[in-house]
$ cat protein_13.pdb   # PDB, C-alpha atoms and all ligand atoms
ATOM      1  CA  MET A  16     -14.756  -2.898  18.931  1.00  0.00           C
ATOM      2  CA  LYS A  17     -13.376  -5.037  21.737  1.00  0.00           C
ATOM      3  CA  ASP A  18     -13.136  -8.294  19.797  1.00  0.00           C
ATOM      4  CA  VAL A  19     -10.712  -7.327  16.990  1.00  0.00           C
ATOM      5  CA  LYS A  20      -9.272 -10.580  15.612  1.00  0.00           C
ATOM      6  CA  ALA A  21      -7.155  -9.326  12.706  1.00  0.00           C
ATOM      7  CA  CYS A  22      -5.421  -6.206  11.421  1.00  0.00           C
ATOM      8  CA  LEU A  23      -4.832  -5.818   7.672  1.00  0.00           C
ATOM      9  CA  PHE A  24      -2.145  -3.410   6.524  1.00  0.00           C
ATOM     10  CA  ASP A  25      -1.653  -1.540   3.298  1.00  0.00           C
ATOM     11  CA  LEU A  26       2.076  -1.353   2.457  1.00  0.00           C
ATOM     12  CA  ASP A  27       3.054   1.824   0.625  1.00  0.00           C
ATOM     13  CA  GLY A  28       2.361   4.827   2.860  1.00  0.00           C
ATOM     14  CA  VAL A  29       1.473   2.724   5.918  1.00  0.00           C
ATOM     15  CA  ILE A  30       4.426   0.425   6.657  1.00  0.00           C
ATOM     16  CA  VAL A  31       7.058   2.028   4.409  1.00  0.00           C
ATOM     17  CA  ASP A  32       7.301   5.136   2.265  1.00  0.00           C
ATOM     18  CA  THR A  33       7.926   3.563  -1.122  1.00  0.00           C
ATOM     19  CA  ALA A  34       5.999   6.389  -2.845  1.00  0.00           C
ATOM     20  CA  LYS A  35       9.301   8.253  -3.144  1.00  0.00           C
ATOM     21  CA  TYR A  36      10.819   5.392  -5.182  1.00  0.00           C
ATOM     22  CA  HIS A  37       7.700   5.087  -7.355  1.00  0.00           C
ATOM     23  CA  TYR A  38       8.060   8.834  -7.969  1.00  0.00           C
ATOM     24  CA  LEU A  39      11.746   8.604  -8.932  1.00  0.00           C
ATOM     25  CA  ALA A  40      11.036   5.810 -11.414  1.00  0.00           C
ATOM     26  CA  TRP A  41       7.950   7.462 -12.997  1.00  0.00           C
ATOM     27  CA  LYS A  42       9.845  10.781 -13.211  1.00  0.00           C
ATOM     28  CA  ARG A  43      12.720   9.048 -14.989  1.00  0.00           C
ATOM     29  CA  LEU A  44      10.256   7.564 -17.494  1.00  0.00           C
ATOM     30  CA  ALA A  45       8.522  10.917 -18.020  1.00  0.00           C
ATOM     31  CA  GLU A  46      11.869  12.620 -18.667  1.00  0.00           C
ATOM     32  CA  GLU A  47      12.816   9.940 -21.164  1.00  0.00           C
ATOM     33  CA  LEU A  48       9.492  10.577 -22.921  1.00  0.00           C
ATOM     34  CA  GLY A  49      10.225  14.314 -22.918  1.00  0.00           C
ATOM     35  CA  PHE A  50       8.024  15.840 -20.224  1.00  0.00           C
ATOM     36  CA  GLU A  51       8.204  16.887 -16.579  1.00  0.00           C
ATOM     37  CA  PHE A  52       6.476  15.036 -13.766  1.00  0.00           C
ATOM     38  CA  THR A  53       6.120  16.837 -10.429  1.00  0.00           C
ATOM     39  CA  LYS A  54       5.780  15.600  -6.826  1.00  0.00           C
ATOM     40  CA  GLU A  55       2.287  17.098  -6.659  1.00  0.00           C
ATOM     41  CA  GLN A  56       1.233  15.124  -9.763  1.00  0.00           C
ATOM     42  CA  ASN A  57       2.686  11.991  -8.135  1.00  0.00           C
ATOM     43  CA  GLU A  58      -0.014  12.238  -5.429  1.00  0.00           C
ATOM     44  CA  ARG A  59      -2.489  10.999  -8.048  1.00  0.00           C
ATOM     45  CA  LEU A  60      -0.618   7.686  -8.313  1.00  0.00           C
ATOM     46  CA  LYS A  61      -0.755   6.704  -4.624  1.00  0.00           C
ATOM     47  CA  GLY A  62      -2.628   3.438  -4.074  1.00  0.00           C
ATOM     48  CA  VAL A  63      -3.294   3.120  -7.829  1.00  0.00           C
ATOM     49  CA  SER A  64      -2.233   0.023  -9.818  1.00  0.00           C
ATOM     50  CA  ARG A  65       0.845   0.053 -12.064  1.00  0.00           C
ATOM     51  CA  MET A  66      -1.007   0.197 -15.420  1.00  0.00           C
ATOM     52  CA  LYS A  67      -3.519   2.768 -14.152  1.00  0.00           C
ATOM     53  CA  SER A  68      -0.553   4.853 -12.909  1.00  0.00           C
ATOM     54  CA  LEU A  69       0.995   4.702 -16.382  1.00  0.00           C
ATOM     55  CA  ASP A  70      -2.300   5.869 -17.936  1.00  0.00           C
ATOM     56  CA  ILE A  71      -2.358   8.874 -15.576  1.00  0.00           C
ATOM     57  CA  LEU A  72       1.296   9.670 -16.327  1.00  0.00           C
ATOM     58  CA  LEU A  73       0.724   9.533 -20.091  1.00  0.00           C
ATOM     59  CA  GLU A  74      -2.376  11.699 -19.726  1.00  0.00           C
ATOM     60  CA  ILE A  75      -0.229  14.299 -17.892  1.00  0.00           C
ATOM     61  CA  GLY A  76       2.344  14.152 -20.725  1.00  0.00           C
ATOM     62  CA  GLY A  77      -0.389  14.315 -23.368  1.00  0.00           C
ATOM     63  CA  LEU A  78       0.831  11.072 -24.946  1.00  0.00           C
ATOM     64  CA  SER A  79      -0.875   7.858 -26.017  1.00  0.00           C
ATOM     65  CA  PHE A  80       0.581   4.477 -27.013  1.00  0.00           C
ATOM     66  CA  ASP A  81      -0.710   1.054 -28.012  1.00  0.00           C
ATOM     67  CA  ASP A  82      -1.008  -1.660 -25.360  1.00  0.00           C
ATOM     68  CA  LYS A  83       2.227  -3.420 -26.332  1.00  0.00           C
ATOM     69  CA  THR A  84       4.276  -0.232 -25.985  1.00  0.00           C
ATOM     70  CA  LYS A  85       2.534   0.549 -22.699  1.00  0.00           C
ATOM     71  CA  GLU A  86       3.537  -2.879 -21.336  1.00  0.00           C
ATOM     72  CA  LYS A  87       7.172  -2.128 -22.289  1.00  0.00           C
ATOM     73  CA  LEU A  88       7.062   1.312 -20.630  1.00  0.00           C
ATOM     74  CA  ALA A  89       5.556  -0.135 -17.423  1.00  0.00           C
ATOM     75  CA  GLU A  90       8.220  -2.836 -17.387  1.00  0.00           C
ATOM     76  CA  LYS A  91      10.966  -0.260 -17.818  1.00  0.00           C
ATOM     77  CA  LYS A  92       9.586   1.800 -14.901  1.00  0.00           C
ATOM     78  CA  ASN A  93       9.286  -1.317 -12.767  1.00  0.00           C
ATOM     79  CA  ASN A  94      12.892  -2.342 -13.430  1.00  0.00           C
ATOM     80  CA  TRP A  95      14.086   1.034 -12.152  1.00  0.00           C
ATOM     81  CA  TYR A  96      11.722   0.818  -9.172  1.00  0.00           C
ATOM     82  CA  VAL A  97      13.002  -2.667  -8.273  1.00  0.00           C
ATOM     83  CA  GLU A  98      16.564  -1.334  -8.500  1.00  0.00           C
ATOM     84  CA  TYR A  99      15.658   1.337  -5.883  1.00  0.00           C
ATOM     85  CA  ILE A 100      13.725  -0.912  -3.486  1.00  0.00           C
ATOM     86  CA  SER A 101      16.424  -3.589  -3.616  1.00  0.00           C
ATOM     87  CA  LYS A 102      18.581  -1.182  -1.582  1.00  0.00           C
ATOM     88  CA  MET A 103      15.960  -0.811   1.176  1.00  0.00           C
ATOM     89  CA  ASP A 104      16.566  -2.023   4.730  1.00  0.00           C
ATOM     90  CA  SER A 105      14.800  -2.008   8.122  1.00  0.00           C
ATOM     91  CA  SER A 106      15.641   1.674   8.668  1.00  0.00           C
ATOM     92  CA  GLU A 107      12.894   2.507   6.144  1.00  0.00           C
ATOM     93  CA  ILE A 108      10.069   1.040   8.226  1.00  0.00           C
ATOM     94  CA  LEU A 109       7.917   3.972   9.316  1.00  0.00           C
ATOM     95  CA  PRO A 110       8.150   5.033  13.005  1.00  0.00           C
ATOM     96  CA  GLY A 111       6.031   3.055  15.482  1.00  0.00           C
ATOM     97  CA  VAL A 112       5.162   0.222  13.055  1.00  0.00           C
ATOM     98  CA  ILE A 113       7.362  -2.497  14.598  1.00  0.00           C
ATOM     99  CA  SER A 114       6.271  -1.767  18.135  1.00  0.00           C
ATOM    100  CA  PHE A 115       2.578  -1.926  17.097  1.00  0.00           C
ATOM    101  CA  LEU A 116       3.131  -5.216  15.201  1.00  0.00           C
ATOM    102  CA  ASN A 117       4.755  -6.628  18.350  1.00  0.00           C
ATOM    103  CA  SER A 118       1.800  -5.614  20.501  1.00  0.00           C
ATOM    104  CA  LEU A 119      -0.604  -7.283  18.034  1.00  0.00           C
ATOM    105  CA  LYS A 120       1.413 -10.510  18.366  1.00  0.00           C
ATOM    106  CA  GLU A 121       1.337 -10.242  22.175  1.00  0.00           C
ATOM    107  CA  ASN A 122      -2.465  -9.848  22.036  1.00  0.00           C
ATOM    108  CA  ASN A 123      -2.935 -12.790  19.621  1.00  0.00           C
ATOM    109  CA  ILE A 124      -4.357 -10.546  16.896  1.00  0.00           C
ATOM    110  CA  LYS A 125      -3.632 -11.859  13.385  1.00  0.00           C
ATOM    111  CA  ILE A 126      -1.696  -9.729  10.884  1.00  0.00           C
ATOM    112  CA  ALA A 127      -2.216  -9.583   7.096  1.00  0.00           C
ATOM    113  CA  LEU A 128      -0.874  -7.507   4.243  1.00  0.00           C
ATOM    114  CA  GLY A 129      -3.335  -6.037   1.715  1.00  0.00           C
ATOM    115  CA  SER A 130      -1.387  -4.200  -0.982  1.00  0.00           C
ATOM    116  CA  VAL A 131      -1.913  -3.796  -4.725  1.00  0.00           C
ATOM    117  CA  SER A 132       1.866  -3.787  -5.264  1.00  0.00           C
ATOM    118  CA  LYS A 133       3.319  -6.741  -7.138  1.00  0.00           C
ATOM    119  CA  ASN A 134       6.622  -5.989  -5.404  1.00  0.00           C
ATOM    120  CA  SER A 135       5.250  -6.385  -1.856  1.00  0.00           C
ATOM    121  CA  LYS A 136       7.159  -9.570  -1.010  1.00  0.00           C
ATOM    122  CA  LEU A 137      10.502  -8.043  -2.037  1.00  0.00           C
ATOM    123  CA  ILE A 138       9.834  -4.967   0.147  1.00  0.00           C
ATOM    124  CA  LEU A 139       8.858  -7.093   3.182  1.00  0.00           C
ATOM    125  CA  GLU A 140      11.951  -9.232   2.678  1.00  0.00           C
ATOM    126  CA  LYS A 141      14.351  -6.279   2.293  1.00  0.00           C
ATOM    127  CA  THR A 142      12.977  -4.571   5.401  1.00  0.00           C
ATOM    128  CA  GLY A 143      13.039  -7.864   7.329  1.00  0.00           C
ATOM    129  CA  ILE A 144       9.389  -8.029   8.440  1.00  0.00           C
ATOM    130  CA  THR A 145       7.954 -10.949   6.412  1.00  0.00           C
ATOM    131  CA  HIS A 146       7.716 -13.139   9.542  1.00  0.00           C
ATOM    132  CA  TYR A 147       5.135 -10.836  11.161  1.00  0.00           C
ATOM    133  CA  PHE A 148       2.478 -11.659   8.532  1.00  0.00           C
ATOM    134  CA  ASP A 149       0.011 -14.540   8.881  1.00  0.00           C
ATOM    135  CA  ALA A 150      -1.291 -13.806   5.354  1.00  0.00           C
ATOM    136  CA  ILE A 151       0.139 -11.811   2.465  1.00  0.00           C
ATOM    137  CA  ILE A 152      -2.245 -10.602  -0.240  1.00  0.00           C
ATOM    138  CA  ASP A 153      -0.481  -8.536  -2.896  1.00  0.00           C
ATOM    139  CA  GLY A 154      -0.899  -7.428  -6.517  1.00  0.00           C
ATOM    140  CA  THR A 155      -0.012 -10.896  -7.788  1.00  0.00           C
ATOM    141  CA  LYS A 156      -3.081 -12.411  -6.052  1.00  0.00           C
ATOM    142  CA  ILE A 157      -5.814  -9.950  -7.027  1.00  0.00           C
ATOM    143  CA  THR A 158      -7.627  -8.921 -10.193  1.00  0.00           C
ATOM    144  CA  HIS A 159      -9.501  -5.861  -8.886  1.00  0.00           C
ATOM    145  CA  ALA A 160      -7.823  -2.743  -7.512  1.00  0.00           C
ATOM    146  CA  LYS A 161      -9.028  -0.792  -4.449  1.00  0.00           C
ATOM    147  CA  PRO A 162     -11.777   0.494  -3.795  1.00  0.00           C
ATOM    148  CA  ASN A 163     -12.840  -3.042  -4.752  1.00  0.00           C
ATOM    149  CA  PRO A 164     -12.709  -5.020  -1.472  1.00  0.00           C
ATOM    150  CA  GLU A 165     -11.046  -8.109  -3.039  1.00  0.00           C
ATOM    151  CA  VAL A 166      -7.587  -7.571  -1.515  1.00  0.00           C
ATOM    152  CA  PHE A 167      -8.950  -7.335   2.056  1.00  0.00           C
ATOM    153  CA  LEU A 168     -11.612 -10.032   1.648  1.00  0.00           C
ATOM    154  CA  LYS A 169      -8.929 -12.462   0.430  1.00  0.00           C
ATOM    155  CA  GLY A 170      -6.829 -11.536   3.478  1.00  0.00           C
ATOM    156  CA  ALA A 171      -9.703 -12.269   5.884  1.00  0.00           C
ATOM    157  CA  GLN A 172     -10.441 -15.492   4.011  1.00  0.00           C
ATOM    158  CA  GLU A 173      -6.823 -16.669   4.247  1.00  0.00           C
ATOM    159  CA  LEU A 174      -6.856 -15.904   7.983  1.00  0.00           C
ATOM    160  CA  ASN A 175     -10.261 -17.565   8.299  1.00  0.00           C
ATOM    161  CA  ILE A 176     -11.679 -14.567  10.149  1.00  0.00           C
ATOM    162  CA  ASP A 177     -15.034 -12.865   9.593  1.00  0.00           C
ATOM    163  CA  PRO A 178     -14.570  -9.363   8.016  1.00  0.00           C
ATOM    164  CA  LYS A 179     -16.528  -7.782  10.853  1.00  0.00           C
ATOM    165  CA  TYR A 180     -13.682  -8.595  13.267  1.00  0.00           C
ATOM    166  CA  CYS A 181     -11.054  -7.030  10.950  1.00  0.00           C
ATOM    167  CA  VAL A 182      -9.453  -3.589  11.075  1.00  0.00           C
ATOM    168  CA  VAL A 183      -7.741  -2.135   7.978  1.00  0.00           C
ATOM    169  CA  PHE A 184      -4.904   0.423   8.106  1.00  0.00           C
ATOM    170  CA  GLU A 185      -4.745   2.598   4.982  1.00  0.00           C
ATOM    171  CA  ASP A 186      -3.225   5.872   3.765  1.00  0.00           C
ATOM    172  CA  ALA A 187      -5.322   6.198   0.588  1.00  0.00           C
ATOM    173  CA  GLN A 188      -8.974   7.158   0.195  1.00  0.00           C
ATOM    174  CA  ALA A 189      -9.578   4.254  -2.207  1.00  0.00           C
ATOM    175  CA  GLY A 190      -8.142   1.906   0.434  1.00  0.00           C
ATOM    176  CA  ILE A 191     -10.533   3.145   3.139  1.00  0.00           C
ATOM    177  CA  GLU A 192     -13.406   2.670   0.678  1.00  0.00           C
ATOM    178  CA  ALA A 193     -12.175  -0.876  -0.038  1.00  0.00           C
ATOM    179  CA  ALA A 194     -12.276  -1.590   3.720  1.00  0.00           C
ATOM    180  CA  ILE A 195     -15.829  -0.232   3.986  1.00  0.00           C
ATOM    181  CA  ASN A 196     -16.850  -2.286   0.934  1.00  0.00           C
ATOM    182  CA  ALA A 197     -15.375  -5.360   2.625  1.00  0.00           C
ATOM    183  CA  GLY A 198     -17.517  -4.737   5.744  1.00  0.00           C
ATOM    184  CA  MET A 199     -14.420  -4.050   7.846  1.00  0.00           C
ATOM    185  CA  HIS A 200     -13.440  -1.319  10.286  1.00  0.00           C
ATOM    186  CA  SER A 201     -10.790   1.148   9.165  1.00  0.00           C
ATOM    187  CA  ILE A 202      -8.064   3.365  10.568  1.00  0.00           C
ATOM    188  CA  GLY A 203      -6.578   6.010   8.289  1.00  0.00           C
ATOM    189  CA  VAL A 204      -2.888   6.819   8.561  1.00  0.00           C
ATOM    190  CA  GLY A 205      -2.330  10.419   7.505  1.00  0.00           C
ATOM    191  CA  SER A 206      -4.562  13.432   7.098  1.00  0.00           C
ATOM    192  CA  PRO A 207      -8.157  13.448   8.497  1.00  0.00           C
ATOM    193  CA  GLU A 208      -9.319  15.669   5.612  1.00  0.00           C
ATOM    194  CA  ILE A 209      -8.361  13.081   2.982  1.00  0.00           C
ATOM    195  CA  LEU A 210      -9.262  10.007   5.063  1.00  0.00           C
ATOM    196  CA  ASN A 211     -12.602  11.323   6.352  1.00  0.00           C
ATOM    197  CA  LYS A 212     -14.448   8.052   5.687  1.00  0.00           C
ATOM    198  CA  ALA A 213     -12.246   6.109   8.136  1.00  0.00           C
ATOM    199  CA  ASP A 214     -13.549   5.198  11.619  1.00  0.00           C
ATOM    200  CA  LEU A 215     -10.446   6.775  13.134  1.00  0.00           C
ATOM    201  CA  VAL A 216      -7.418   8.647  11.732  1.00  0.00           C
ATOM    202  CA  ILE A 217      -3.913   8.625  13.247  1.00  0.00           C
ATOM    203  CA  PRO A 218      -1.037  10.835  12.021  1.00  0.00           C
ATOM    204  CA  SER A 219       1.399   7.893  12.302  1.00  0.00           C
ATOM    205  CA  PHE A 220       1.938   4.608  14.164  1.00  0.00           C
ATOM    206  CA  GLU A 221       3.783   6.527  16.848  1.00  0.00           C
ATOM    207  CA  ASP A 222       0.255   7.475  17.962  1.00  0.00           C
ATOM    208  CA  MET A 223      -1.183   3.952  17.754  1.00  0.00           C
ATOM    209  CA  THR A 224      -1.946   1.696  20.723  1.00  0.00           C
ATOM    210  CA  ILE A 225      -3.910  -1.553  21.121  1.00  0.00           C
ATOM    211  CA  GLU A 226      -6.524   0.375  23.127  1.00  0.00           C
ATOM    212  CA  LYS A 227      -7.274   2.551  20.088  1.00  0.00           C
ATOM    213  CA  LEU A 228      -8.442  -0.583  18.254  1.00  0.00           C
ATOM    214  CA  TRP A 229     -11.352  -0.740  20.686  1.00  0.00           C
ATOM    215  CA  LEU A 230     -12.537   2.676  19.440  1.00  0.00           C
ATOM    216  CA  VAL A 231     -13.384   1.623  15.864  1.00  0.00           C
TER     217      VAL A 231
HETATM  218  P1  LIG B   1       3.725  -2.096  -8.232  1.00  0.00           P
HETATM  219  P2  LIG B   1      -0.121  -0.009  -1.851  1.00  0.00           P
HETATM  220  C1  LIG B   1       0.617   0.681  -4.341  1.00  0.00           C
HETATM  221  O1  LIG B   1       0.917   0.122  -3.091  1.00  0.00           O
HETATM  222  C2  LIG B   1       1.232   2.051  -4.484  1.00  0.00           C
HETATM  223  O2  LIG B   1       0.663   2.960  -3.556  1.00  0.00           O
HETATM  224  C3  LIG B   1       1.011   2.566  -5.882  1.00  0.00           C
HETATM  225  O3  LIG B   1       1.610   3.845  -6.039  1.00  0.00           O
HETATM  226  C4  LIG B   1       1.594   1.580  -6.910  1.00  0.00           C
HETATM  227  O4  LIG B   1       1.369   2.008  -8.238  1.00  0.00           O
HETATM  228  C5  LIG B   1       0.955   0.212  -6.679  1.00  0.00           C
HETATM  229  O5  LIG B   1       1.192  -0.189  -5.338  1.00  0.00           O
HETATM  230  C6  LIG B   1       1.474  -0.854  -7.628  1.00  0.00           C
HETATM  231  O6  LIG B   1       2.808  -1.142  -7.327  1.00  0.00           O
HETATM  232  O7  LIG B   1       4.074  -1.361  -9.484  1.00  0.00           O
HETATM  233  O8  LIG B   1       4.911  -2.350  -7.321  1.00  0.00           O
HETATM  234  O9  LIG B   1       2.946  -3.360  -8.490  1.00  0.00           O
HETATM  235  O10 LIG B   1      -0.402   1.389  -1.376  1.00  0.00           O
HETATM  236  O11 LIG B   1      -1.372  -0.764  -2.312  1.00  0.00           O
HETATM  237  O12 LIG B   1       0.678  -0.806  -0.856  1.00  0.00           O
HETATM  238 MG    MG B   2      -0.977   2.931   0.314  1.00  0.00          MG
END
$ encode --input "protein_13.pdb" --output "structure tokens"
Amino acid sequence: MKDVKACLFDLDGVIVDTAKYHYLAWKRLAEELGFEFTKEQNERLKGVSRMKSLDILLEIGGLSFDDKTKEKLAEKKNNWYVEYISKMDSSEILPGVISFLNSLKENNIKIALGSVSKNSKLILEKTGITHYFDAIIDGTKITHAKPNPEVFLKGAQELNIDPKYCVVFEDAQAGIEAAINAGMHSIGVGSPEILNKADLVIPSFEDMTIEKLWLV
């Protein structure tokens, strides 16, 4: 599509690899609760909200708790996670991202964040890229998780751009579905097998150019 007016970016797995810090914090919680949590099992938590992630973790451990205890456990995990991401810096931005953001600016294409993470602003601040974003929609602004299109529709609304001129970058299947549900174009970042519903899949931003936006 030649007339792309905005690009909306997922955060974890697209701009930075915070999945490793989520994993460390969930693993620490699992160990405290007396069970093991593997890297393979962590795949199930990618792109999933914090409370839904906790439900999956507890299901893996064969445990169940009341809502109040679950809130406390999620808070404990989040405190550890925040401790890890507070040490992040610009070196953790995934390869090719900055150069692509710069070319969007040069081409007057708007930039928005569409992440379910409630810690998005802290991550953008620590990695020094907040100024690139014309709109930031994160977990604090939405009530429905992906594949619900809310996060991307709110982004387009804040930018005042029709969804049909928007392109979403996502690493999770649910995120690509959210883009489709929003009536937007999508580019998957990662494996074509997992992201088969996307209009185009790139292995990383090192392979991304403005011209590729015309292909979606
Ligand atoms: P928080 P994204 C998602 O970020 C992560 O992929 C997911 O693993 C995490 O549980 C979720 O954010 C919530 O994060 O606990 O920081 O609110 O991929 O939507 O950028
Ligand atoms: Mg993601």
$ residues_near_ligand --input "protein_13.pdb" --ligand "ligand MG 2 (chain B)" --cutoff "10 Å" --atoms "only C-alpha atoms and all ligand atoms" --output "PyMOL selection string"
chain A and resi 24-34+60-63+129-132+184-191+204
$ closest_residue --input "protein_13.pdb" --among "A:Lys133, A:Lys91, A:Lys20, A:Lys102" --to "ligand LIG 1 (chain B)" --atoms "all atoms listed in the file"
A:Lys133
$ resolve_selection --input "protein_13.pdb" --expression "the PyMOL selection byres (((chain A and resi 138) around 12) and not hetatm)" --output "PyMOL selection string"
chain A and resi 26-27+30-33+36+96-105+107-108+128+130+132-137+139-145+153
$ residues_around --input "protein_13.pdb" --residues "Leu119 (chain A)" --least-positions-apart "6" --cutoff "8 Å" --atoms "all atoms listed in the file" --output "PyMOL selection string"
chain A and resi 125-126+225
$ atom_distance --input "protein_13.pdb" --atom1 "CA of Glu90 (chain A)" --atom2 "CA of Trp41 (chain A)"
11.2 Å
$ axis_aligned_box --input "protein_13.pdb" --around "ligand LIG 1 (chain B)" --padding-each-side "3 Å" --output "AutoDock Vina command-line options"
--center_x 1.8 --center_y 0.2 --center_z -5.2 --size_x 12.3 --size_y 13.2 --size_z 14.6
$ closest_atom_pairs --input "protein_13.pdb" --of "region 52-113 of chain A" --to "region 216-220 of chain A" --cutoff "8 Å" --atoms "all atoms listed in the file" --output "JSON lines"
{"residue": "A:Leu109", "atom": "CA", "partner": "A:Phe220", "partner_atom": "CA", "distance": 7.7}
{"residue": "A:Pro110", "atom": "CA", "partner": "A:Phe220", "partner_atom": "CA", "distance": 6.3}
{"residue": "A:Gly111", "atom": "CA", "partner": "A:Phe220", "partner_atom": "CA", "distance": 4.6}
{"residue": "A:Val112", "atom": "CA", "partner": "A:Phe220", "partner_atom": "CA", "distance": 5.6}
$ resolve_selection --input "protein_13.pdb" --expression "the PyMOL selection byres (((chain A and resi 48) around 12) and not hetatm)" --output "ChimeraX atom specification"
/A:41-47,49-52,72-73,75-80,88,92
$ resolve_selection --input "protein_13.pdb" --expression "the PyMOL selection byres (((chain A and resi 224) around 10) and not hetatm)" --output "PyMOL selection string"
chain A and resi 111+114-115+118-119+220-223+225-229
$ atom_distance --input "protein_13.pdb" --atom1 "CA of Thr84 (chain A)" --atom2 "CA of Lys54 (chain A)"
24.9 Å
$ atom_distance --input "protein_13.pdb" --atom1 "atom O11 of ligand LIG 1 (chain B)" --atom2 "CA of Cys22 (chain A)"
15.3 Å
$ decode --input "protein_13.pdb" --residues "region 133-190 of chain A" --atoms "C-alpha atoms" --output "JSON list (two decimals), in the first residue's frame"
[["chain", "number", "residue", "atom", "x", "y", "z"],
["A", 133, "LYS", "CA", 1.77, -1.65, 31.86],
["A", 134, "ASN", "CA", 5.52, -1.03, 32.05],
["A", 135, "SER", "CA", 5.84, 0.26, 28.47],
["A", 136, "LYS", "CA", 6.63, 3.88, 29.38],
["A", 137, "LEU", "CA", 9.46, 2.84, 31.73],
["A", 138, "ILE", "CA", 11.00, 0.64, 28.99],
["A", 139, "LEU", "CA", 10.79, 3.43, 26.37],
["A", 140, "GLU", "CA", 12.32, 5.87, 28.83],
["A", 141, "LYS", "CA", 15.18, 3.55, 29.87],
["A", 142, "THR", "CA", 16.06, 2.78, 26.26],
["A", 143, "GLY", "CA", 15.78, 6.46, 25.32],
["A", 144, "ILE", "CA", 13.23, 6.22, 22.49],
["A", 145, "THR", "CA", 10.10, 7.88, 23.94],
["A", 146, "HIS", "CA", 10.51, 10.91, 21.65],
["A", 147, "TYR", "CA", 9.95, 8.82, 18.50],
["A", 148, "PHE", "CA", 6.30, 8.09, 19.41],
["A", 149, "ASP", "CA", 3.40, 10.31, 18.35],
["A", 150, "ALA", "CA", 1.02, 8.14, 20.43],
["A", 151, "ILE", "CA", 1.62, 5.62, 23.20],
["A", 152, "ILE", "CA", -1.10, 3.07, 23.93],
["A", 153, "ASP", "CA", -0.09, 0.64, 26.68],
["A", 154, "GLY", "CA", -1.65, -1.71, 29.23],
["A", 155, "THR", "CA", -2.75, 1.20, 31.40],
["A", 156, "LYS", "CA", -5.03, 2.53, 28.62],
["A", 157, "ILE", "CA", -6.82, -0.64, 27.51],
["A", 158, "THR", "CA", -9.34, -3.06, 28.96],
["A", 159, "HIS", "CA", -9.19, -5.81, 26.31],
["A", 160, "ALA", "CA", -6.07, -7.82, 25.48],
["A", 161, "LYS", "CA", -4.99, -8.80, 21.95],
["A", 162, "PRO", "CA", -6.48, -10.33, 19.70],
["A", 163, "ASN", "CA", -9.06, -7.66, 20.59],
["A", 164, "PRO", "CA", -8.20, -4.69, 18.32],
["A", 165, "GLU", "CA", -8.65, -2.06, 21.08],
["A", 166, "VAL", "CA", -4.95, -1.28, 21.57],
["A", 167, "PHE", "CA", -4.38, -0.55, 17.85],
["A", 168, "LEU", "CA", -7.72, 1.20, 17.28],
["A", 169, "LYS", "CA", -6.94, 3.57, 20.17],
["A", 170, "GLY", "CA", -3.53, 4.23, 18.60],
["A", 171, "ALA", "CA", -5.07, 5.12, 15.22],
["A", 172, "GLN", "CA", -7.68, 7.26, 16.98],
["A", 173, "GLU", "CA", -5.03, 9.19, 18.93],
["A", 174, "LEU", "CA", -3.12, 9.78, 15.69],
["A", 175, "ASN", "CA", -6.36, 10.67, 13.93],
["A", 176, "ILE", "CA", -5.62, 8.27, 11.08],
["A", 177, "ASP", "CA", -8.00, 5.81, 9.43],
["A", 178, "PRO", "CA", -7.06, 2.16, 10.32],
["A", 179, "LYS", "CA", -6.82, 1.28, 6.64],
["A", 180, "TYR", "CA", -3.71, 3.47, 6.32],
["A", 181, "CYS", "CA", -2.02, 1.80, 9.33],
["A", 182, "VAL", "CA", 0.59, -0.96, 9.44],
["A", 183, "VAL", "CA", 1.13, -2.99, 12.63],
["A", 184, "PHE", "CA", 4.43, -4.67, 13.56],
["A", 185, "GLU", "CA", 3.95, -7.71, 15.81],
["A", 186, "ASP", "CA", 5.84, -10.80, 17.01],
["A", 187, "ALA", "CA", 2.82, -12.64, 18.45],
["A", 188, "GLN", "CA", 0.00, -14.44, 16.65],
["A", 189, "ALA", "CA", -2.61, -12.75, 18.85],
["A", 190, "GLY", "CA", -1.11, -9.38, 17.88]]
